[in-house]
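The file start16.csv comes next; it holds CSV, C-alpha atoms and all ligand atoms.
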chain,number,residue,atom,x,y,z
A,1101,MET,CA,3.8,28.9,7.1
A,1102,ALA,CA,4.5,25.7,5.3
A,1103,GLN,CA,8.1,25.6,6.5
A,1104,GLN,CA,7.0,25.8,10.1
A,1105,THR,CA,4.7,22.8,9.7
A,1106,PRO,CA,6.4,19.7,11.1
A,1107,LEU,CA,8.2,17.5,8.6
A,1108,VAL,CA,6.0,14.5,9.0
A,1109,LEU,CA,2.9,16.5,8.2
A,1110,ARG,CA,4.6,18.1,5.2
A,1111,LEU,CA,5.6,14.7,4.0
A,1112,LEU,CA,2.1,13.4,4.3
A,1113,ALA,CA,0.7,16.5,2.6
A,1114,SER,CA,3.2,16.1,-0.3
A,1115,SER,CA,2.5,12.4,-0.6
A,1116,THR,CA,-1.3,13.2,-0.8
A,1117,THR,CA,-0.7,15.6,-3.7
A,1118,LEU,CA,1.9,13.4,-5.4
A,1119,ALA,CA,-0.3,10.2,-5.3
A,1120,GLY,CA,-3.0,12.1,-7.2
A,1121,LYS,CA,-0.5,13.3,-9.8
A,1122,ALA,CA,0.8,9.8,-10.2
A,1123,GLY,CA,-2.8,8.6,-10.7
A,1124,LYS,CA,-3.2,11.1,-13.5
A,1125,ILE,CA,0.0,9.9,-15.2
A,1126,ILE,CA,-1.3,6.2,-14.9
A,1127,LYS,CA,-4.5,7.2,-16.6
A,1128,ASP,CA,-2.6,9.1,-19.4
A,1129,VAL,CA,-0.6,6.0,-20.1
A,1130,MET,CA,-3.8,3.9,-20.4
A,1131,LYS,CA,-5.4,6.5,-22.7
A,1132,GLY,CA,-2.2,6.5,-24.9
A,1133,GLY,CA,-2.9,2.8,-25.5
A,1134,ASP,CA,0.7,1.5,-25.3
A,1135,LEU,CA,1.4,0.1,-21.9
A,1136,GLY,CA,5.0,-0.9,-22.6
A,1137,ILE,CA,4.8,-4.1,-20.6
A,1138,ILE,CA,8.0,-5.7,-19.3
A,1139,GLU,CA,8.2,-9.0,-17.4
A,1140,LYS,CA,10.3,-8.3,-14.3
A,1141,GLY,CA,11.3,-11.9,-14.2
A,1142,SER,CA,11.1,-12.5,-10.5
A,1143,GLY,CA,8.1,-14.9,-10.7
A,1144,LYS,CA,4.8,-15.4,-12.3
A,1145,ASN,CA,2.6,-12.3,-13.0
A,1146,ASP,CA,5.4,-9.8,-12.0
A,1147,LEU,CA,4.9,-7.1,-14.6
A,1148,GLN,CA,6.0,-3.5,-15.1
A,1149,THR,CA,4.4,-1.0,-17.4
A,1150,GLU,CA,5.2,2.5,-18.6
A,1151,ALA,CA,2.7,3.7,-16.0
A,1152,ASP,CA,4.7,2.0,-13.1
A,1153,ARG,CA,7.9,3.6,-14.5
A,1154,SER,CA,6.5,7.1,-15.0
A,1155,ALA,CA,4.5,7.3,-11.8
A,1156,GLN,CA,7.6,6.2,-9.9
A,1157,ARG,CA,9.8,8.9,-11.5
A,1158,CYS,CA,7.2,11.5,-10.7
A,1159,ILE,CA,6.8,10.5,-7.0
A,1160,VAL,CA,10.4,9.7,-6.2
A,1161,ALA,CA,12.0,12.7,-8.0
A,1162,SER,CA,9.6,15.1,-6.3
A,1163,LEU,CA,10.1,13.6,-2.8
A,1164,VAL,CA,13.9,13.6,-3.2
A,1165,LYS,CA,13.7,17.3,-4.3
A,1166,LEU,CA,11.5,18.4,-1.4
A,1167,PHE,CA,12.9,16.1,1.3
A,1168,PRO,CA,16.6,15.5,0.5
A,1169,ASP,CA,17.4,14.1,4.0
A,1170,VAL,CA,14.7,11.5,4.0
A,1171,THR,CA,15.2,7.9,2.6
A,1172,ILE,CA,12.9,7.2,-0.3
A,1173,ILE,CA,12.6,3.6,-1.5
A,1174,GLY,CA,10.5,2.9,-4.6
A,1175,GLU,CA,9.5,-0.4,-6.1
A,1176,GLU,CA,10.9,0.5,-9.5
A,1177,GLY,CA,14.4,1.5,-8.2
A,1178,PRO,CA,16.0,4.9,-7.7
A,1179,VAL,CA,15.6,7.8,-10.0
A,1180,HIS,CA,18.9,8.9,-11.5
A,1181,GLU,CA,19.9,12.4,-12.5
A,1182,THR,CA,20.1,11.2,-16.1
A,1183,ASP,CA,16.5,9.9,-16.1
A,1184,GLU,CA,14.1,12.0,-18.0
A,1185,VAL,CA,11.6,13.6,-15.6
A,1186,PRO,CA,9.3,16.2,-17.3
A,1187,SER,CA,9.3,19.4,-15.3
A,1188,ASP,CA,5.5,19.2,-14.7
A,1189,TRP,CA,6.1,15.8,-12.9
A,1190,ILE,CA,8.1,17.5,-10.2
A,1191,VAL,CA,5.2,18.5,-7.9
A,1192,THR,CA,6.0,20.6,-4.9
A,1193,ASP,CA,2.4,21.5,-3.8
A,1194,LEU,CA,1.3,20.3,-0.4
A,1195,ASP,CA,-2.3,19.2,0.2
A,1196,ALA,CA,-4.0,22.0,2.1
A,1197,GLY,CA,-6.3,19.7,4.1
A,1198,VAL,CA,-3.5,17.6,5.5
A,1199,LEU,CA,-1.3,20.6,6.1
A,1200,ALA,CA,-4.0,22.3,8.2
A,1201,SER,CA,-4.3,19.2,10.5
A,1202,ASP,CA,-2.7,19.2,14.0
A,1203,CYS,CA,0.5,17.1,14.0
A,1204,PRO,CA,0.4,14.5,16.8
A,1205,ASP,CA,3.0,15.6,19.5
A,1206,GLU,CA,5.1,12.5,19.1
A,1207,TYR,CA,6.0,13.5,15.4
A,1208,VAL,CA,6.6,17.2,15.8
A,1209,GLU,CA,10.3,16.9,16.2
A,1210,THR,CA,11.0,13.8,14.0
A,1211,ASP,CA,14.5,13.5,12.7
A,1212,PRO,CA,14.5,13.0,8.9
A,1213,LYS,CA,17.1,10.3,9.4
A,1214,ASP,CA,14.5,8.2,11.2
A,1215,ILE,CA,12.0,8.3,8.3
A,1216,VAL,CA,11.7,6.0,5.3
A,1217,VAL,CA,9.1,6.5,2.6
A,1218,TRP,CA,8.1,3.3,0.8
A,1219,VAL,CA,6.6,4.0,-2.6
A,1220,ASP,CA,4.6,1.6,-4.8
A,1221,PRO,CA,3.8,3.8,-7.7
A,1222,LEU,CA,1.2,1.4,-9.1
A,1223,ASP,CA,-0.1,-1.5,-7.0
A,1224,GLY,CA,-2.1,-4.0,-9.0
A,1225,THR,CA,-0.1,-3.9,-12.2
A,1226,SER,CA,-1.5,-7.3,-13.5
A,1227,GLU,CA,-5.1,-5.9,-13.0
A,1228,TYR,CA,-4.2,-2.6,-14.7
A,1229,ALA,CA,-2.9,-4.5,-17.7
A,1230,GLN,CA,-6.1,-6.7,-17.7
A,1231,GLY,CA,-8.4,-3.6,-17.5
A,1232,LEU,CA,-9.6,-4.2,-13.9
A,1233,LEU,CA,-8.9,-0.6,-13.2
A,1234,ASP,CA,-10.6,-0.1,-9.9
A,1235,HIS,CA,-8.1,-2.6,-8.4
A,1236,VAL,CA,-5.2,-0.1,-9.1
A,1237,THR,CA,-3.8,2.0,-6.3
A,1238,VAL,CA,-0.8,4.3,-5.7
A,1239,LEU,CA,0.8,3.7,-2.3
A,1240,ILE,CA,3.1,6.1,-0.4
A,1241,GLY,CA,3.9,4.9,3.1
A,1242,LEU,CA,5.7,6.7,5.9
A,1243,ALA,CA,7.8,4.7,8.4
A,1244,ILE,CA,9.4,6.2,11.5
A,1245,LYS,CA,12.1,4.2,13.3
A,1246,GLY,CA,10.9,1.1,11.3
A,1247,LYS,CA,7.2,1.5,12.2
A,1248,PRO,CA,4.6,2.3,9.5
A,1249,VAL,CA,2.8,5.3,11.0
A,1250,GLY,CA,0.9,6.7,8.1
A,1251,GLY,CA,0.5,7.1,4.4
A,1252,VAL,CA,-1.6,7.6,1.4
A,1253,ILE,CA,-3.7,5.2,-0.8
A,1254,HIS,CA,-4.8,6.8,-4.0
A,1255,GLN,CA,-7.3,5.0,-6.2
A,1256,PRO,CA,-7.2,6.7,-9.6
A,1257,TYR,CA,-10.2,4.8,-11.1
A,1258,HIS,CA,-12.4,4.7,-8.0
A,1259,ASN,CA,-16.1,4.5,-9.2
A,1260,TYR,CA,-14.9,4.9,-12.8
A,1261,LYS,CA,-17.7,2.8,-14.3
A,1262,VAL,CA,-20.3,5.2,-12.9
A,1263,GLU,CA,-18.3,8.4,-13.2
A,1264,PRO,CA,-15.8,8.0,-16.1
A,1265,ASP,CA,-14.3,11.4,-15.6
A,1266,SER,CA,-13.8,11.0,-11.9
A,1267,LYS,CA,-10.4,12.0,-10.5
A,1268,GLY,CA,-10.5,9.0,-8.2
A,1269,ARG,CA,-10.0,9.4,-4.5
A,1270,THR,CA,-7.1,9.8,-2.1
A,1271,LEU,CA,-7.2,8.3,1.4
A,1272,TRP,CA,-4.6,9.3,4.0
A,1273,GLY,CA,-3.9,8.4,7.5
A,1274,LEU,CA,-1.5,9.1,10.4
A,1275,VAL,CA,-1.4,7.3,13.7
A,1276,GLY,CA,-2.6,9.8,16.4
A,1277,LEU,CA,-4.3,12.0,13.9
A,1278,GLY,CA,-6.8,9.7,12.1
A,1279,VAL,CA,-7.7,9.4,8.4
A,1280,GLY,CA,-9.1,11.5,5.7
A,1281,GLY,CA,-10.6,11.1,2.2
A,1282,PHE,CA,-13.1,8.4,3.1
A,1283,ILE,CA,-15.5,7.2,5.8
A,1284,PRO,CA,-14.3,4.0,7.5
A,1285,LYS,CA,-17.0,1.4,8.0
A,1286,THR,CA,-17.6,-1.7,10.2
A,1287,PRO,CA,-17.7,-5.2,8.7
A,1288,PRO,CA,-20.9,-7.3,8.9
A,1289,THR,CA,-21.4,-9.3,12.1
A,1290,ASN,CA,-23.4,-12.1,10.6
A,1291,LYS,CA,-20.7,-13.5,8.3
A,1292,PHE,CA,-16.9,-13.8,8.1
A,1293,ILE,CA,-15.3,-12.4,4.9
A,1294,ILE,CA,-11.6,-12.7,3.9
A,1295,THR,CA,-10.0,-10.8,1.0
A,1296,THR,CA,-7.0,-12.3,-0.8
A,1297,THR,CA,-5.0,-12.3,-4.0
A,1298,ARG,CA,-6.5,-13.1,-7.4
A,1299,MET,CA,-3.3,-13.6,-9.3
A,1300,HIS,CA,-0.8,-15.0,-6.9
A,1301,ALA,CA,-2.6,-17.9,-5.1
A,1302,ASP,CA,-0.8,-21.2,-4.5
A,1303,GLU,CA,-1.2,-24.3,-2.4
A,1304,LEU,CA,-0.2,-22.6,0.9
A,1305,VAL,CA,-2.3,-19.5,0.2
A,1306,ASP,CA,-5.3,-21.8,-0.3
A,1307,ARG,CA,-4.5,-23.9,2.8
A,1308,ALA,CA,-4.5,-20.8,5.0
A,1309,LEU,CA,-7.8,-19.7,3.7
A,1310,GLU,CA,-9.4,-23.2,4.2
A,1311,ALA,CA,-8.1,-23.2,7.8
A,1312,LEU,CA,-9.9,-20.0,8.5
A,1313,LYS,CA,-13.2,-21.2,7.1
A,1314,PRO,CA,-14.6,-17.9,5.8
A,1315,ASP,CA,-18.2,-17.6,4.6
A,1316,GLU,CA,-17.0,-15.6,1.7
A,1317,ILE,CA,-13.7,-14.8,-0.1
A,1318,ILE,CA,-13.2,-11.6,-2.0
A,1319,ARG,CA,-10.3,-12.0,-4.6
A,1320,VAL,CA,-9.0,-8.6,-5.7
A,1321,GLY,CA,-5.7,-7.3,-7.0
A,1322,GLY,CA,-3.2,-5.3,-5.0
A,1323,ALA,CA,-2.3,-5.0,-1.3
A,1324,GLY,CA,-3.7,-1.4,-1.4
A,1325,HIS,CA,-7.1,-2.5,-2.7
A,1326,LYS,CA,-7.4,-5.3,-0.3
A,1327,VAL,CA,-6.7,-3.0,2.7
A,1328,LEU,CA,-9.3,-0.6,1.3
A,1329,THR,CA,-11.7,-3.5,1.4
A,1330,LEU,CA,-11.0,-3.8,5.1
A,1331,LEU,CA,-11.2,-0.1,5.8
A,1332,GLU,CA,-14.6,0.1,4.1
A,1333,GLY,CA,-15.9,-2.8,6.1
A,1334,LYS,CA,-16.3,-5.2,3.2
A,1335,ALA,CA,-14.0,-7.8,4.7
A,1336,HIS,CA,-12.8,-8.8,8.1
A,1337,ALA,CA,-9.3,-9.9,7.2
A,1338,TYR,CA,-6.7,-9.9,4.4
A,1339,VAL,CA,-4.8,-13.1,4.4
A,1340,PHE,CA,-1.8,-14.0,2.1
A,1341,ALA,CA,0.3,-17.0,3.2
A,1342,SER,CA,3.0,-16.2,0.6
A,1343,LYS,CA,6.3,-14.4,0.5
A,1344,GLY,CA,5.3,-12.4,-2.7
A,1345,CYS,CA,4.4,-9.0,-1.1
A,1346,LYS,CA,7.1,-6.4,-0.5
A,1347,LYS,CA,7.6,-3.6,2.0
A,1348,TRP,CA,6.3,-1.0,-0.5
A,1349,ASP,CA,3.0,-3.0,-0.9
A,1350,THR,CA,2.2,-3.0,2.8
A,1351,CYS,CA,3.8,0.2,4.3
A,1352,ALA,CA,1.0,2.7,3.3
A,1353,PRO,CA,-1.8,0.2,3.8
A,1354,GLU,CA,-0.5,-0.8,7.2
A,1355,GLY,CA,-0.1,2.9,8.1
A,1356,LEU,CA,-3.7,3.7,7.3
A,1357,LEU,CA,-4.9,0.5,9.1
A,1358,ARG,CA,-2.9,1.4,12.2
A,1359,ALA,CA,-4.3,5.0,12.1
A,1360,LEU,CA,-7.7,3.3,12.6
A,1361,GLY,CA,-6.5,0.8,15.3
A,1362,GLY,CA,-6.1,-2.1,12.9
A,1363,LYS,CA,-3.2,-4.4,12.5
A,1364,LEU,CA,-1.0,-5.9,9.7
A,1365,THR,CA,1.5,-8.6,10.7
A,1366,ASP,CA,3.1,-11.7,9.2
A,1367,ILE,CA,1.2,-15.0,9.5
A,1368,HIS,CA,2.9,-15.6,12.9
A,1369,GLY,CA,1.5,-12.3,14.2
A,1370,ARG,CA,4.8,-10.5,14.2
A,1371,GLU,CA,5.2,-7.0,13.0
A,1372,TYR,CA,7.4,-6.2,10.0
A,1373,ASP,CA,10.3,-3.7,10.3
A,1374,TYR,CA,10.3,-1.0,7.6
A,1375,SER,CA,13.8,0.5,8.3
A,1376,ALA,CA,15.9,1.4,5.4
A,1377,ASP,CA,18.2,-1.6,5.5
A,1378,VAL,CA,15.6,-4.4,5.7
A,1379,GLU,CA,15.0,-7.1,3.0
A,1380,TYR,CA,12.2,-6.0,0.7
A,1381,PRO,CA,10.0,-9.2,0.7
A,1382,ASN,CA,7.5,-9.8,3.4
A,1383,ALA,CA,8.8,-13.4,3.6
A,1384,GLN,CA,6.4,-14.6,6.3
A,1385,GLY,CA,3.2,-13.5,4.5
A,1386,VAL,CA,0.6,-10.9,5.3
A,1387,PHE,CA,-2.2,-11.0,7.8
A,1388,ALA,CA,-4.2,-7.8,8.3
A,1389,THR,CA,-7.4,-7.0,10.2
A,1390,SER,CA,-9.4,-4.0,11.0
A,1391,ARG,CA,-9.9,-3.0,14.7
A,1392,HIS,CA,-13.2,-4.8,14.7
A,1393,VAL,CA,-11.5,-8.1,14.5
A,1394,ASP,CA,-9.5,-10.2,17.1
A,1395,HIS,CA,-6.3,-10.5,15.1
A,1396,ASP,CA,-4.5,-12.9,17.4
A,1397,ALA,CA,-7.5,-15.2,17.7
A,1398,LEU,CA,-7.7,-15.5,13.9
A,1399,ILE,CA,-4.0,-16.2,13.6
A,1400,ASN,CA,-4.3,-19.0,16.1
A,1401,ARG,CA,-6.6,-20.8,13.7
A,1402,ILE,CA,-3.8,-21.2,11.2
A,1403,PRO,CA,-2.1,-24.7,11.8
A,1404,LYS,CA,1.4,-24.7,13.0
A,1405,GLU,CA,2.6,-26.9,10.2
A,1406,LEU,CA,1.5,-24.2,7.7
A,1407,LYS,CA,3.2,-21.5,9.8
A,1408,ASP,CA,6.4,-23.6,9.8
A,1409,LYS,CA,6.6,-23.2,6.0
A,1410,PHE,CA,7.4,-19.5,6.6
A,1411,PRO,CA,10.4,-19.6,9.0
A,1412,ARG,CA,12.1,-16.4,9.9
A,1501,LIG,P1,-1.8,-9.5,-5.1
A,1501,LIG,O1,-2.5,-9.7,-3.8
A,1501,LIG,O2,-1.5,-10.8,-5.8
A,1501,LIG,O3,-2.5,-8.5,-6.0
A,1501,LIG,O4,-0.4,-8.9,-4.7
A,1501,LIG,C1,-0.2,-7.8,-3.9
A,1501,LIG,C2,1.2,-7.2,-4.3
A,1501,LIG,O5,2.2,-8.1,-4.0
A,1501,LIG,C3,1.3,-6.8,-5.7
A,1501,LIG,O6,2.1,-5.7,-5.8
A,1501,LIG,C4,2.0,-8.0,-6.4
A,1501,LIG,O7,2.7,-7.6,-7.5
A,1501,LIG,C5,2.9,-8.5,-5.2
A,1501,LIG,N1,3.0,-9.9,-5.3
A,1501,LIG,C6,2.3,-10.8,-4.6
A,1501,LIG,N2,2.7,-12.1,-5.0
A,1501,LIG,C7,3.7,-11.9,-5.8
A,1501,LIG,C8,4.6,-12.9,-6.5
A,1501,LIG,N3,4.4,-14.2,-6.4
A,1501,LIG,N4,5.5,-12.3,-7.3
A,1501,LIG,C9,5.6,-11.0,-7.5
A,1501,LIG,N5,4.9,-10.1,-6.9
A,1501,LIG,C10,3.9,-10.6,-6.1
A,1502,MG,MG,2.4,-3.7,-5.4
A,1503,MG,MG,3.8,-1.8,-8.0

structure tokens encoding of this file:
Amino acid sequence: MAQQTPLVLRLLASSTTLAGKAGKIIKDVMKGGDLGIIEKGSGKNDLQTEADRSAQRCIVASLVKLFPDVTIIGEEGPVHETDEVPSDWIVTDLDAGVLASDCPDEYVETDPKDIVVWVDPLDGTSEYAQGLLDHVTVLIGLAIKGKPVGGVIHQPYHNYKVEPDSKGRTLWGLVGLGVGGFIPKTPPTNKFIITTTRMHADELVDRALEALKPDEIIRVGGAGHKVLTLLEGKAHAYVFASKGCKKWDTCAPEGLLRALGGKLTDIHGREYDYSADVEYPNAQGVFATSRHVDHDALINRIPKELKDKFPR
């Protein structure tokens, strides 16, 4: 049965299971007490912990084993044959709920060579290290011919203050199929709310926010968590006038947003390309909205001289 299921659906089903397993590994590292923090050295607040490394090995080694013809790009680099990957980290189970869904016609015959899976094994590492655990997500995004069409956002510590033993939650989406694992909500109509970075603000990030004149700004860690904020109707837009986010930060969140009719572009309103050979940084910033918001009208409110700071 499983082998007859279209590749795209099997990939999404595998990603759903794997994101949960990665979340368990992230929690085990935290329980162990030694986060093994390394500064990645590519800017301020750019950390890597043992949880990032281990979750990456679990996801990438499993995907490579199950889908050898698909390109997998993970934030923490490739997994080599010499890397130690415990056997119980190679997870080949496919999520039954996703597998039972109807694959949209346009993806039934997708060539594996046209697919890139972008993996952020732990998004919100600074917040993880600071104990702001509900900001943490595991992101696995599926791009076909350069377009993000779906993916998984797993939130291992969802609601952990109320339910300390909770397994978290796993949200998935595919354009043409819809979403699962949560109930999307509409943002309020009586005020305008923007979500943005808490650790990576600078003068340009602040100027873009000022130009948009929000009633409220929600500062949370991680691209995954910020898009969750949009999907749950707690904010209207996610705005980040900075080149700090990478393709693995935005592929899965953009896939889920698009599955619900939302948009994620650069601050000029142009879509990013997620093909295998692109540069990793989203060098023209991030501007995301749910389908309840006029994306282009909001982008028009950002002054040209600020946009010009982010040339292509
Ligand atoms: P934030 O919104 O600051 O939580 O960032 C979202 C994602 O982009 C996280 O994975 C961050 O690590 C990454 N990111 C954003 N800005 C930077 C930066 N200046 N240097 C390194 N990573 C960044
Ligand atoms: Mg990230
Ligand atoms: Mg990360």

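Distances to ligand MG 1502 (chain A) were evaluated for A:Ala1376, A:Val1217, A:Ala1359, A:Cys1345 using all atoms listed in the file, and the minimum falls at A:Cys1345.
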
Would you write out, as a Markdown table, a table of all residues in chain A that have an atom no more than 10 Å from an atom of ligand LIG 1501 (chain A), listing for each the closest atom pair and the distance in Å to one decimal, considering all atoms listed in the file and ordering rows by chain and rising residue number?
| residue | atom | partner | partner_atom | distance |
| --- | --- | --- | --- | --- |
| A:Lys1140 | CA | A:LIG1501 | C9 | 8.7 |
| A:Gly1141 | CA | A:LIG1501 | C9 | 8.8 |
| A:Ser1142 | CA | A:LIG1501 | C9 | 6.4 |
| A:Gly1143 | CA | A:LIG1501 | N4 | 5.0 |
| A:Lys1144 | CA | A:LIG1501 | N4 | 5.9 |
| A:Asn1145 | CA | A:LIG1501 | N4 | 6.4 |
| A:Asp1146 | CA | A:LIG1501 | C9 | 4.7 |
| A:Leu1147 | CA | A:LIG1501 | O7 | 7.4 |
| A:Gln1148 | CA | A:LIG1501 | O7 | 9.2 |
| A:Glu1175 | CA | A:LIG1501 | O6 | 9.1 |
| A:Asp1220 | CA | A:LIG1501 | O6 | 7.8 |
| A:Pro1221 | CA | A:LIG1501 | O6 | 9.8 |
| A:Leu1222 | CA | A:LIG1501 | O6 | 7.9 |
| A:Asp1223 | CA | A:LIG1501 | O6 | 4.9 |
| A:Gly1224 | CA | A:LIG1501 | O3 | 5.4 |
| A:Thr1225 | CA | A:LIG1501 | O7 | 6.6 |
| A:Ser1226 | CA | A:LIG1501 | O7 | 7.3 |
| A:Glu1227 | CA | A:LIG1501 | O3 | 7.9 |
| A:His1235 | CA | A:LIG1501 | O3 | 8.5 |
| A:Val1236 | CA | A:LIG1501 | O3 | 9.4 |
| A:Thr1237 | CA | A:LIG1501 | O6 | 9.7 |
| A:Thr1295 | CA | A:LIG1501 | O1 | 9.0 |
| A:Thr1296 | CA | A:LIG1501 | O1 | 6.0 |
| A:Thr1297 | CA | A:LIG1501 | O1 | 3.6 |
| A:Arg1298 | CA | A:LIG1501 | O2 | 5.7 |
| A:Met1299 | CA | A:LIG1501 | O2 | 4.8 |
| A:His1300 | CA | A:LIG1501 | O2 | 4.4 |
| A:Ala1301 | CA | A:LIG1501 | O2 | 7.2 |
| A:Asp1302 | CA | A:LIG1501 | N3 | 8.9 |
| A:Arg1319 | CA | A:LIG1501 | O1 | 8.2 |
| A:Val1320 | CA | A:LIG1501 | O3 | 6.5 |
| A:Gly1321 | CA | A:LIG1501 | O3 | 3.6 |
| A:Gly1322 | CA | A:LIG1501 | O3 | 3.4 |
| A:Ala1323 | CA | A:LIG1501 | C1 | 4.4 |
| A:Gly1324 | CA | A:LIG1501 | C1 | 7.7 |
| A:His1325 | CA | A:LIG1501 | O3 | 8.2 |
| A:Lys1326 | CA | A:LIG1501 | O1 | 7.5 |
| A:Tyr1338 | CA | A:LIG1501 | O1 | 9.2 |
| A:Val1339 | CA | A:LIG1501 | O1 | 9.2 |
| A:Phe1340 | CA | A:LIG1501 | O1 | 7.3 |
| A:Ala1341 | CA | A:LIG1501 | N2 | 9.8 |
| A:Ser1342 | CA | A:LIG1501 | N2 | 6.9 |
| A:Lys1343 | CA | A:LIG1501 | N2 | 7.0 |
| A:Gly1344 | CA | A:LIG1501 | N2 | 3.5 |
| A:Cys1345 | CA | A:LIG1501 | O5 | 3.7 |
| A:Lys1346 | CA | A:LIG1501 | O5 | 6.3 |
| A:Lys1347 | CA | A:LIG1501 | O5 | 9.2 |
| A:Trp1348 | CA | A:LIG1501 | O6 | 8.2 |
| A:Asp1349 | CA | A:LIG1501 | O6 | 5.7 |
| A:Thr1350 | CA | A:LIG1501 | C2 | 8.3 |
| A:Pro1381 | CA | A:LIG1501 | O5 | 9.2 |
| A:Asn1382 | CA | A:LIG1501 | O5 | 9.3 |
| A:Gly1385 | CA | A:LIG1501 | C6 | 9.5 |
| A:Val1386 | CA | A:LIG1501 | O1 | 9.7 |

Selection: 7 Å around A:Val1252, all atoms listed in the file, excl. self and same-chain fewer than 6 positions, as a list in words: Ser1115, Thr1116, Leu1239, Ile1240, Gly1241, Thr1270, Leu1271, Trp1272, Gly1273 and Ala1352 of chain A

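Nearest residue to A:Pro1256, choosing from A:Lys1124, A:Arg1153, A:Arg1358, A:Arg1370 and counting all atoms listed in the file: A:Lys1124.
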
Just checking: using only C-alpha atoms and all ligand atoms, which residue out of A:Gly1278, A:Pro1106, A:Gly1174, A:Gly1123 ends up closest to ligand MG 1502 (chain A)?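 Nearest to ligand MG 1502 (chain A): A:Gly1174.
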
Excluding stretch 1397-1409 of chain A and residues on its chain fewer than 3 positions from it, collect all residues at most 7 Å away from it, counting only C-alpha atoms, and give them as a PyMOL selection string. chain A and resi 1308+1311-1312+1367-1369+1394

In Å, how far is it from atom CA of A:Lys1267 to atom CA of A:Ile1283? 17.7 Å

Restricting the calculation to only C-alpha atoms: of A:Phe1410, A:Tyr1228, A:Phe1387, A:Trp1218, which residue gets closest to A:Leu1135?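 Selected residue with least distance to A:Leu1135: A:Tyr1228.
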
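Distances to ligand MG 1502 (chain A) were evaluated for A:Val1185, A:Ile1253, A:Val1275, A:Leu1242 using all atoms listed in the file, and the minimum falls at A:Ile1253.
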
Å distance separating atom CA of A:Glu1263 from atom CA of A:Val1160, one decimal place: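 The value is 29.6 Å.
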
Please check which residues have atoms at most 9 Å from (-9.5, 7.6, -15.6) in the file's coordinates, counting all atoms listed in the file, and write them as an mmCIF file with C-alpha atoms, in the frame of the given file.
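result_8.cif, written as the output of this step:
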data_model
loop_
_atom_site.group_PDB
_atom_site.id
_atom_site.type_symbol
_atom_site.label_atom_id
_atom_site.label_comp_id
_atom_site.auth_asym_id
_atom_site.auth_seq_id
_atom_site.Cartn_x
_atom_site.Cartn_y
_atom_site.Cartn_z
ATOM 1 C CA GLY A 1123 -2.800 8.600 -10.700
ATOM 2 C CA LYS A 1124 -3.200 11.100 -13.500
ATOM 3 C CA ILE A 1126 -1.300 6.200 -14.900
ATOM 4 C CA LYS A 1127 -4.500 7.200 -16.600
ATOM 5 C CA ASP A 1128 -2.600 9.100 -19.400
ATOM 6 C CA MET A 1130 -3.800 3.900 -20.400
ATOM 7 C CA LYS A 1131 -5.400 6.500 -22.700
ATOM 8 C CA LEU A 1233 -8.900 -0.600 -13.200
ATOM 9 C CA PRO A 1256 -7.200 6.700 -9.600
ATOM 10 C CA TYR A 1257 -10.200 4.800 -11.100
ATOM 11 C CA HIS A 1258 -12.400 4.700 -8.000
ATOM 12 C CA TYR A 1260 -14.900 4.900 -12.800
ATOM 13 C CA PRO A 1264 -15.800 8.000 -16.100
ATOM 14 C CA ASP A 1265 -14.300 11.400 -15.600
ATOM 15 C CA SER A 1266 -13.800 11.000 -11.900
ATOM 16 C CA LYS A 1267 -10.400 12.000 -10.500
ATOM 17 C CA GLY A 1268 -10.500 9.000 -8.200
#

Between A:Gly1281, A:Gly1250, A:Pro1186, A:Gly1197, which one has atoms that come closest to A:Arg1157, using only C-alpha atoms?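 Nearest candidate to A:Arg1157 out of A:Gly1281, A:Gly1250, A:Pro1186, A:Gly1197: A:Pro1186.
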
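Between atom CA of A:Thr1105 and atom CA of A:Leu1163 lies a distance of 16.4 Å.
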
Would you pick out the contacts of A:Leu1194 at 10 Å or less, using all atoms listed in the file, so that residues sharing its chain but fewer than 5 positions from it are not included, and give the list as a list in words?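 Residues meeting the cut-off are Ala1102, Leu1109, Arg1110, Leu1111, Leu1112, Ala1113, Ser1114, Ser1115, Thr1116, Thr1117, Leu1118 and Leu1199 of chain A.
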